[in-house]
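Structure data (compact mmCIF, C-alpha atoms) from input-v5.txt:
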```txt
# COMPACT_ATOMS: atom_id res chain seq x y z
CA MET H 1 31.34 9.22 -16.57
CA ARG H 2 28.02 8.58 -14.87
CA ALA H 3 27.48 5.34 -16.83
CA ALA H 4 30.94 4.05 -15.96
CA ARG H 5 30.40 4.66 -12.25
CA THR H 6 26.99 2.95 -12.34
CA GLY H 7 28.37 -0.09 -14.13
CA ALA H 8 31.15 -0.47 -11.57
CA ALA H 9 28.66 -0.38 -8.74
CA VAL H 10 26.60 -3.13 -10.31
CA LEU H 11 29.65 -5.30 -11.02
CA ALA H 12 31.17 -4.88 -7.57
CA GLY H 13 27.80 -5.43 -6.02
CA SER H 14 27.30 -8.73 -7.83
CA PHE H 15 30.46 -10.19 -6.28
CA LEU H 16 29.59 -8.84 -2.84
CA LEU H 17 26.08 -10.25 -2.95
CA ALA H 18 27.22 -13.65 -4.14
CA ALA H 19 29.68 -13.93 -1.29
CA GLY H 20 27.23 -12.70 1.31
CA CYS H 21 24.43 -14.98 0.21
CA ALA H 22 26.62 -18.03 0.65
CA THR H 23 27.55 -17.22 4.24
CA GLY H 24 24.48 -15.51 5.72
CA PRO H 25 22.67 -17.14 8.65
CA SER H 26 19.72 -19.34 7.80
CA LEU H 27 16.22 -18.26 8.77
CA GLU H 28 15.84 -21.29 11.03
CA ASN H 29 18.80 -20.21 13.17
CA ARG H 30 17.76 -16.64 13.75
CA GLY H 31 14.94 -17.01 16.26
CA ASP H 32 12.77 -14.04 17.16
CA VAL H 33 14.04 -10.61 16.10
CA THR H 34 14.29 -8.74 19.39
CA ALA H 35 17.17 -6.27 18.98
CA PRO H 36 16.18 -2.59 18.67
CA PRO H 37 15.88 -1.24 15.12
CA GLY H 38 19.12 0.08 13.70
CA ASP H 39 19.84 3.52 12.27
CA SER H 40 22.93 3.34 10.10
CA LYS H 41 23.75 6.67 8.49
CA HIS H 42 25.26 4.99 5.42
CA LEU H 43 22.58 3.16 3.45
CA THR H 44 22.54 1.14 0.23
CA ILE H 45 19.36 1.43 -1.81
CA GLY H 46 18.59 -1.52 -4.06
CA SER H 47 17.09 -1.22 -7.53
CA ALA H 48 15.76 -4.15 -9.54
CA GLY H 49 17.24 -2.63 -12.69
CA PHE H 50 14.14 -1.59 -14.66
CA THR H 51 12.95 1.98 -15.16
CA GLU H 52 10.31 2.13 -12.44
CA SER H 53 12.55 0.51 -9.83
CA ASP H 54 15.40 2.85 -10.79
CA LEU H 55 13.12 5.87 -10.35
CA LEU H 56 11.85 4.71 -6.97
CA ALA H 57 15.38 3.96 -5.76
CA GLN H 58 16.50 7.43 -6.84
CA MET H 59 13.59 9.04 -5.00
CA TYR H 60 14.31 7.00 -1.88
CA ALA H 61 17.97 8.05 -2.01
CA LEU H 62 17.13 11.73 -2.46
CA LEU H 63 14.65 11.70 0.43
CA LEU H 64 17.10 9.90 2.70
CA ASP H 65 19.94 12.25 1.69
CA ARG H 66 17.67 15.15 2.63
CA ALA H 67 17.07 13.51 6.02
CA GLY H 68 20.80 13.34 6.76
CA TYR H 69 21.71 9.87 5.49
CA HIS H 70 24.49 9.01 3.06
CA THR H 71 23.24 6.76 0.29
CA ARG H 72 24.37 4.81 -2.73
CA ILE H 73 22.27 2.88 -5.24
CA LEU H 74 23.04 -0.70 -6.22
CA SER H 75 21.29 -2.26 -9.23
CA VAL H 76 20.59 -5.98 -8.81
CA THR H 77 18.17 -7.33 -11.38
CA ASN H 78 17.39 -10.66 -9.75
CA ARG H 79 15.11 -10.91 -6.69
CA GLU H 80 16.74 -14.24 -5.84
CA ILE H 81 19.94 -12.23 -5.24
CA TYR H 82 18.75 -8.91 -3.83
CA GLU H 83 16.29 -10.28 -1.28
CA PRO H 84 18.91 -12.34 0.61
CA ALA H 85 21.22 -9.31 0.38
CA LEU H 86 18.46 -7.25 1.99
CA GLU H 87 18.21 -9.81 4.81
CA SER H 88 21.98 -9.80 5.36
CA GLY H 89 22.26 -5.99 5.39
CA GLN H 90 24.27 -5.64 2.18
CA ILE H 91 21.24 -3.78 0.85
CA ASP H 92 19.31 -1.66 3.35
CA VAL H 93 16.25 -0.44 1.44
CA VAL H 94 14.47 -1.65 -1.70
CA PRO H 95 11.19 -0.69 -3.43
CA GLU H 96 8.86 -3.67 -3.72
CA TYR H 97 5.31 -4.61 -4.73
CA ALA H 98 3.11 -5.77 -1.86
CA ALA H 99 1.26 -8.77 -3.27
CA THR H 100 4.11 -9.99 -5.47
CA PHE H 101 6.65 -9.78 -2.65
CA ALA H 102 4.25 -11.45 -0.20
CA ASP H 103 3.81 -14.40 -2.56
CA TRP H 104 7.54 -14.56 -3.22
CA LEU H 105 8.41 -14.70 0.50
CA ASN H 106 5.60 -17.18 1.08
CA ALA H 107 6.95 -19.51 -1.59
CA LYS H 108 10.43 -19.12 -0.15
CA ALA H 109 9.18 -20.05 3.31
CA HIS H 110 6.66 -22.75 2.42
CA GLY H 111 7.65 -24.03 -1.00
CA PRO H 112 6.72 -23.17 -4.59
CA ASP H 113 3.31 -24.84 -4.29
CA ALA H 114 2.25 -22.80 -1.26
CA LYS H 115 -1.16 -21.17 -1.56
CA PRO H 116 -0.72 -17.51 -2.56
CA VAL H 117 -1.19 -14.94 0.22
CA GLY H 118 -1.27 -11.87 -2.03
CA SER H 119 -4.79 -10.79 -2.94
CA PRO H 120 -6.79 -7.76 -4.13
CA ASP H 121 -7.34 -6.93 -0.42
CA LEU H 122 -4.52 -4.52 0.50
CA ASP H 123 -4.96 -4.88 4.27
CA ALA H 124 -4.90 -8.68 4.13
CA THR H 125 -1.94 -8.63 1.76
CA MET H 126 0.05 -6.27 3.99
CA LYS H 127 -0.71 -8.35 7.08
CA ALA H 128 0.55 -11.49 5.35
CA LEU H 129 3.58 -9.71 3.93
CA ARG H 130 4.65 -8.25 7.27
CA SER H 131 4.26 -11.59 9.05
CA LEU H 132 6.52 -13.22 6.45
CA ALA H 133 9.07 -10.39 6.44
CA ALA H 134 9.50 -9.94 10.19
CA PRO H 135 11.25 -13.29 10.93
CA ARG H 136 13.73 -12.44 8.19
CA GLY H 137 14.71 -9.18 9.87
CA LEU H 138 12.77 -7.07 7.37
CA ILE H 139 10.29 -4.27 7.97
CA VAL H 140 7.69 -3.39 5.34
CA LEU H 141 6.78 0.30 5.49
CA ASP H 142 3.32 1.62 4.70
CA PRO H 143 2.08 1.56 1.11
CA GLY H 144 1.33 4.81 -0.62
CA ARG H 145 -1.16 5.61 -3.36
CA ALA H 146 0.82 4.23 -6.31
CA VAL H 147 0.07 0.72 -7.52
CA ASP H 148 1.64 -1.20 -10.40
CA GLN H 149 -0.90 -3.91 -11.18
CA ASN H 150 -1.69 -5.95 -14.22
CA ALA H 151 -4.13 -4.01 -16.39
CA PHE H 152 -5.94 -4.38 -19.68
CA ALA H 153 -6.04 -1.83 -22.51
CA VAL H 154 -8.04 -1.37 -25.71
CA THR H 155 -7.83 1.28 -28.38
CA ALA H 156 -9.49 4.58 -27.52
CA ALA H 157 -11.56 4.25 -30.70
CA TYR H 158 -12.78 0.79 -29.68
CA ALA H 159 -13.66 2.09 -26.20
CA ARG H 160 -15.61 5.03 -27.66
CA LYS H 161 -17.45 2.92 -30.22
CA HIS H 162 -18.66 0.41 -27.65
CA ARG H 163 -18.92 2.82 -24.69
CA LEU H 164 -16.38 1.01 -22.58
CA SER H 165 -14.63 2.40 -19.51
CA THR H 166 -14.46 -0.71 -17.29
CA LEU H 167 -13.88 -4.41 -17.71
CA SER H 168 -17.49 -4.92 -16.57
CA ASP H 169 -18.60 -2.82 -19.55
CA LEU H 170 -16.65 -5.15 -21.85
CA GLY H 171 -18.21 -8.22 -20.26
CA ARG H 172 -21.72 -6.83 -20.66
CA SER H 173 -21.03 -5.97 -24.32
CA ARG H 174 -20.64 -9.67 -25.21
CA LEU H 175 -17.99 -8.67 -27.75
CA PRO H 176 -15.57 -11.42 -28.81
CA VAL H 177 -12.08 -10.49 -27.59
CA ARG H 178 -8.73 -11.74 -28.82
CA LEU H 179 -6.22 -10.91 -26.06
CA ALA H 180 -2.53 -10.09 -26.58
CA ALA H 181 -0.67 -11.34 -23.50
CA GLY H 182 1.98 -13.76 -22.28
CA ASP H 183 1.45 -17.44 -23.03
CA GLU H 184 0.88 -18.12 -19.31
CA CYS H 185 -2.30 -16.00 -19.49
CA VAL H 186 -4.40 -19.03 -20.37
CA ARG H 187 -3.88 -20.48 -16.87
CA ARG H 188 -3.20 -17.49 -14.61
CA PRO H 189 -6.23 -16.58 -12.45
CA TYR H 190 -5.77 -12.84 -13.02
CA CYS H 191 -5.75 -13.27 -16.79
CA GLU H 192 -7.99 -15.32 -19.14
CA PRO H 193 -9.69 -17.46 -16.43
CA GLY H 194 -10.32 -14.42 -14.24
CA LEU H 195 -11.59 -12.26 -17.09
CA LYS H 196 -14.09 -14.97 -17.96
CA LYS H 197 -15.14 -15.81 -14.40
CA THR H 198 -15.16 -12.34 -12.83
CA TYR H 199 -16.27 -10.26 -15.80
CA GLY H 200 -17.89 -12.68 -18.24
CA ILE H 201 -15.62 -11.48 -21.04
CA ASP H 202 -15.67 -13.65 -24.15
CA ILE H 203 -11.95 -14.35 -24.66
CA THR H 204 -11.79 -16.18 -27.97
CA ALA H 205 -7.99 -16.61 -28.04
CA VAL H 206 -4.78 -15.50 -26.35
CA ASP H 207 -2.19 -14.12 -28.76
CA PRO H 208 1.15 -14.90 -27.03
CA LYS H 209 2.98 -11.66 -27.70
CA GLY H 210 4.04 -10.92 -24.12
CA VAL H 211 2.95 -8.57 -21.35
CA GLY H 212 2.89 -4.95 -22.52
CA THR H 213 5.37 -5.54 -25.33
CA THR H 214 5.49 -3.38 -28.43
CA PRO H 215 4.29 -6.24 -30.69
CA ALA H 216 1.36 -6.87 -28.32
CA LYS H 217 0.31 -3.22 -28.37
CA ARG H 218 0.72 -2.99 -32.13
CA ALA H 219 -1.52 -6.03 -32.55
CA VAL H 220 -4.29 -4.19 -30.71
CA GLN H 221 -3.55 -0.92 -32.47
CA ASN H 222 -3.95 -2.51 -35.90
CA GLY H 223 -7.05 -4.52 -34.94
CA GLN H 224 -5.47 -7.97 -35.04
CA ASP H 225 -6.31 -8.24 -31.30
CA GLN H 226 -8.87 -6.30 -29.29
CA MET H 227 -7.17 -6.06 -25.88
CA VAL H 228 -3.66 -6.22 -24.40
CA LEU H 229 -2.38 -7.21 -20.96
CA THR H 230 -0.08 -4.49 -19.62
CA THR H 231 0.36 -2.64 -16.30
CA THR H 232 -1.21 0.37 -14.61
CA THR H 233 2.04 2.37 -14.89
CA ASP H 234 2.64 1.66 -18.59
CA ALA H 235 4.11 4.86 -19.98
CA THR H 236 3.58 4.16 -23.68
CA LEU H 237 -0.17 3.58 -24.08
CA ASP H 238 -0.76 6.99 -25.67
CA GLN H 239 1.76 6.22 -28.42
CA PHE H 240 -0.42 3.31 -29.55
CA GLY H 241 -3.77 5.04 -29.04
CA LEU H 242 -4.62 2.75 -26.13
CA VAL H 243 -6.57 3.33 -22.91
CA LEU H 244 -6.94 1.19 -19.80
CA LEU H 245 -10.26 -0.36 -18.80
CA ALA H 246 -10.82 -0.06 -15.04
CA ASP H 247 -10.61 -3.25 -12.97
CA ASP H 248 -13.85 -2.32 -11.22
CA ARG H 249 -14.40 -5.73 -9.60
CA HIS H 250 -10.83 -5.93 -8.28
CA LEU H 251 -9.55 -8.98 -10.08
CA GLN H 252 -5.92 -7.92 -9.74
CA ASN H 253 -3.78 -8.29 -6.63
CA ALA H 254 -2.85 -5.31 -4.46
CA ASP H 255 0.60 -4.61 -5.88
CA TYR H 256 1.00 -1.28 -4.12
CA ILE H 257 4.53 0.02 -3.93
CA VAL H 258 6.10 -0.48 -0.51
CA PRO H 259 9.62 0.23 0.77
CA VAL H 260 11.17 -2.79 2.48
CA VAL H 261 14.06 -2.15 4.88
CA ASN H 262 16.61 -4.17 6.80
CA ARG H 263 15.51 -3.79 10.43
CA ALA H 264 19.00 -3.97 11.94
CA ARG H 265 20.37 -1.18 9.76
CA ALA H 266 17.43 0.93 8.58
CA GLY H 267 14.54 0.12 10.90
CA ALA H 268 14.64 3.33 12.94
CA GLN H 269 12.07 6.10 12.68
CA GLY H 270 14.32 8.41 10.66
CA VAL H 271 14.18 6.19 7.57
CA THR H 272 10.44 5.60 7.93
CA THR H 273 9.70 9.32 8.28
CA ALA H 274 11.80 10.20 5.24
CA LEU H 275 10.26 7.58 2.95
CA ASP H 276 6.69 8.06 4.19
CA LYS H 277 6.75 11.55 2.65
CA LEU H 278 6.39 9.97 -0.76
CA ASN H 279 3.15 8.22 0.22
CA THR H 280 1.05 11.36 0.29
CA VAL H 281 2.03 12.56 -3.20
CA LEU H 282 3.10 9.73 -5.55
CA THR H 283 0.13 8.35 -7.49
CA THR H 284 -0.15 5.63 -10.10
CA LYS H 285 -0.65 8.30 -12.76
CA ASP H 286 2.45 10.17 -11.55
CA LEU H 287 4.54 7.03 -11.74
CA ALA H 288 3.38 6.29 -15.28
CA SER H 289 4.33 9.83 -16.26
CA LEU H 290 7.77 9.50 -14.67
CA ASN H 291 8.33 6.20 -16.48
CA GLN H 292 7.43 7.93 -19.74
CA ARG H 293 10.02 10.67 -19.20
CA VAL H 294 12.72 8.04 -18.88
CA ASP H 295 11.56 5.50 -21.46
CA SER H 296 10.19 7.82 -24.14
CA TRP H 297 11.92 11.14 -23.50
CA ARG H 298 15.29 9.53 -22.66
CA ARG H 299 15.76 11.47 -19.44
CA LEU H 300 18.01 10.11 -16.68
CA PRO H 301 16.10 8.48 -13.78
CA GLU H 302 18.08 10.57 -11.27
CA ASP H 303 17.08 13.83 -12.99
CA VAL H 304 13.43 12.82 -13.36
CA ALA H 305 13.25 11.74 -9.72
CA ARG H 306 14.84 14.95 -8.48
CA SER H 307 12.58 17.15 -10.60
CA TYR H 308 9.48 15.34 -9.32
CA LEU H 309 10.44 15.62 -5.65
CA GLU H 310 11.28 19.31 -6.12
CA SER H 311 7.92 19.92 -7.80
CA LYS H 312 6.15 18.37 -4.79
CA GLY H 313 8.19 20.34 -2.26
CA LEU H 314 9.79 17.24 -0.78
CA ILE H 315 13.35 18.42 -1.48
CA PRO H 316 14.48 21.99 -2.07
CA ALA H 317 14.86 23.25 -5.62
CA PRO H 318 18.23 24.83 -6.51
CA HIS H 319 18.36 28.60 -6.20
```

As structure tokens, the full file:
Amino acid sequence: MRAARTGAAVLAGSFLLAAGCATGPSLENRGDVTAPPGDSKHLTIGSAGFTESDLLAQMYALLLDRAGYHTRILSVTNREIYEPALESGQIDVVPEYAATFADWLNAKAHGPDAKPVGSPDLDATMKALRSLAAPRGLIVLDPGRAVDQNAFAVTAAYARKHRLSTLSDLGRSRLPVRLAAGDECVRRPYCEPGLKKTYGIDITAVDPKGVGTTPAKRAVQNGQDQMVLTTTTDATLDQFGLVLLADDRHLQNADYIVPVVNRARAGAQGVTTALDKLNTVLTTKDLASLNQRVDSWRRLPEDVARSYLESKGLIPAPH
């Protein structure tokens, strides 16, 4: 029954969003946003449709329900659809990633060739993001401790043998490294060029098996490749005997998790106060563990989210 209800919400939402996106006011016609922030008691939480986004949306909904709001979750897998819906108020709150969303809004405002504004500097990234979001009627709430960045993993045995814990260690080792990653890695500054320039790592080849895919991890596990591009919240590294090497020189952008809200409907202090509670507890390690419970243990995101918030005292546990 749960699956049927979720599917209906996604399907109905897709028609609603398509209609709304065609008729919403253009950015150029909006002028300065001067109306007071809104405080609708009925809020739609957007999810981008993958495990981590589903978990965050569920936690947002539970925290807002606890604060007296009535919520529903709408899964929209395409940012090109859900971001305009967020502007128009069809979606009120969505979990986002600071640097990625800043660059996305920047490209939307200034064209696909605009110089990126996301960077490893969280403060600079947040300043750029908020300046891009505000004219669109969006408010970006404070980031917490959890960050989902690109990351690089090797086998635990390889790390022990060569005494590696950071990417700097790998650069100093002068070991030849075949890297399992997406085919775009050869030109992306955070990937092969950055590993060579920032860390001096000897990348001998990029094996185009994708970012954090099972074939990519297996290639490292069996020794075909020495390192894999994945993310800091990857829940399956242990299954392949892999460990992350720390990005100690901050090559990767500051993709901290941030709630983004529609100012006219969810910009009041009540929403901010409710969602800020997550900032003090949710860590990158926690998020990886929650992802694992869904992806590997086959738990429902709603149940995992509720259990986590109860364990942290953010919502009451059932008696």

### Task
Write out as a PyMOL selection string each polymer residue whose atoms come within 6 Å of Leu138 (chain H), counting all atoms listed in the file; drop sequence neighbours fewer than 4 positions from it.
chain H and resi 133-134+261-263

Could you turn the residues from that selection into a file that holds C-alpha atoms, as a PDB file, in the frame of the given file?
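again.pdb written:
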```pdb
ATOM      1  CA  ALA H 133       9.070 -10.390   6.440  1.00  0.00           C
ATOM      2  CA  ALA H 134       9.500  -9.940  10.190  1.00  0.00           C
ATOM      3  CA  VAL H 261      14.060  -2.150   4.880  1.00  0.00           C
ATOM      4  CA  ASN H 262      16.610  -4.170   6.800  1.00  0.00           C
ATOM      5  CA  ARG H 263      15.510  -3.790  10.430  1.00  0.00           C
TER       6      ARG H 263
END
```

### Query
In Å to one decimal, how far is CA of Asn150 (chain H) from CA of Asn106 (chain H)?
20.3 Å

### Query
From the list H:Leu43, H:Leu55, H:Val243, H:Ala102, which residue is nearest Leu309 (chain H) when using all atoms listed in the file?
H:Leu55

### Query
Separation of CA of Ala317 (chain H) and CA of Ala67 (chain H), in Å?
15.3 Å

#### Entry: Selection: 6 Å around Gly171 (chain H), all atoms listed in the file, excl. self and same-chain fewer than 3 positions, as a ChimeraX atom specification
/H:168,174,199-201

### Message
Can you tell me which residues surround Leu64 (chain H) at a distance of at most 7 Å, considering all atoms listed in the file, apart from same-chain residues fewer than 5 positions away, and format the answer as a PyMOL selection string?
### Response
chain H and resi 69+271+274

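Taking CA of Ile91 (chain H) and CA of Leu300 (chain H) as endpoints, the distance between them is 22.6 Å.
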
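Distance check against Leu245 (chain H) using all atoms listed in the file: of H:Ser173, H:Thr213, H:Thr273, H:Thr166, the minimum falls on H:Thr166.
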
Kindly list the centre and edge lengths in Å, rounded to one decimal, for the axis-aligned box that covers all listed atoms of region 111-126 of chain H plus 4 Å on each of its six sides, as JSON.
```
{"center_x": 0.2, "center_y": -14.7, "center_z": -0.2, "size_x": 23.0, "size_y": 28.3, "size_z": 16.9}
```

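Compared by their closest atoms to His42 (chain H), and using all atoms listed in the file, the residues H:Ala157, H:Lys197, H:Ala266, H:Arg293 rank with H:Ala266 nearest.
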
### Residue among H:Asp39, H:Asp286, H:Asp169, H:Asp247 lying closest to Phe152 (chain H), counting all atoms listed in the file
H:Asp247

### Message
Which residue is closest to Ser307 (chain H)? Choose from H:Lys41, H:Gln269, H:Thr233, H:Gln58 and count only C-alpha atoms.
### Response
H:Gln58

### Task
Excluding Asp92 (chain H) and any residue of its chain fewer than 4 positions from it, enumerate the residues within 12 Å of it, using all atoms listed in the file, and give them as an NGL selection string.
:H and (38-47 or 57 or 60-61 or 64 or 69-74 or 82-88 or 137-140 or 259-268 or 271)

### Query
Restricting the calculation to all atoms listed in the file, which member of H:Gly111, H:Gly49, H:Pro120, H:Pro143 is positioned closest to Leu275 (chain H)?
H:Pro143

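Residue neighbourhood of Glu310 (chain H), excluding near-sequence residues (fewer than 3 positions): Met59, Leu62, Leu63, Arg66, Leu278, Val281, Asp303, Val304, Ala305, Arg306, Ser307, Gly313, Leu314, Ile315, Pro316, Ala317, Pro318 and His319 of chain H, at 12 Å, using all atoms listed in the file.
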
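Only residues having an atom at most 8 Å from (8.6, 2.0, -24.9) are included; using all atoms listed in the file, these are Thr214, Ala235, Thr236, Gln292, Asp295 and Ser296 of chain H.
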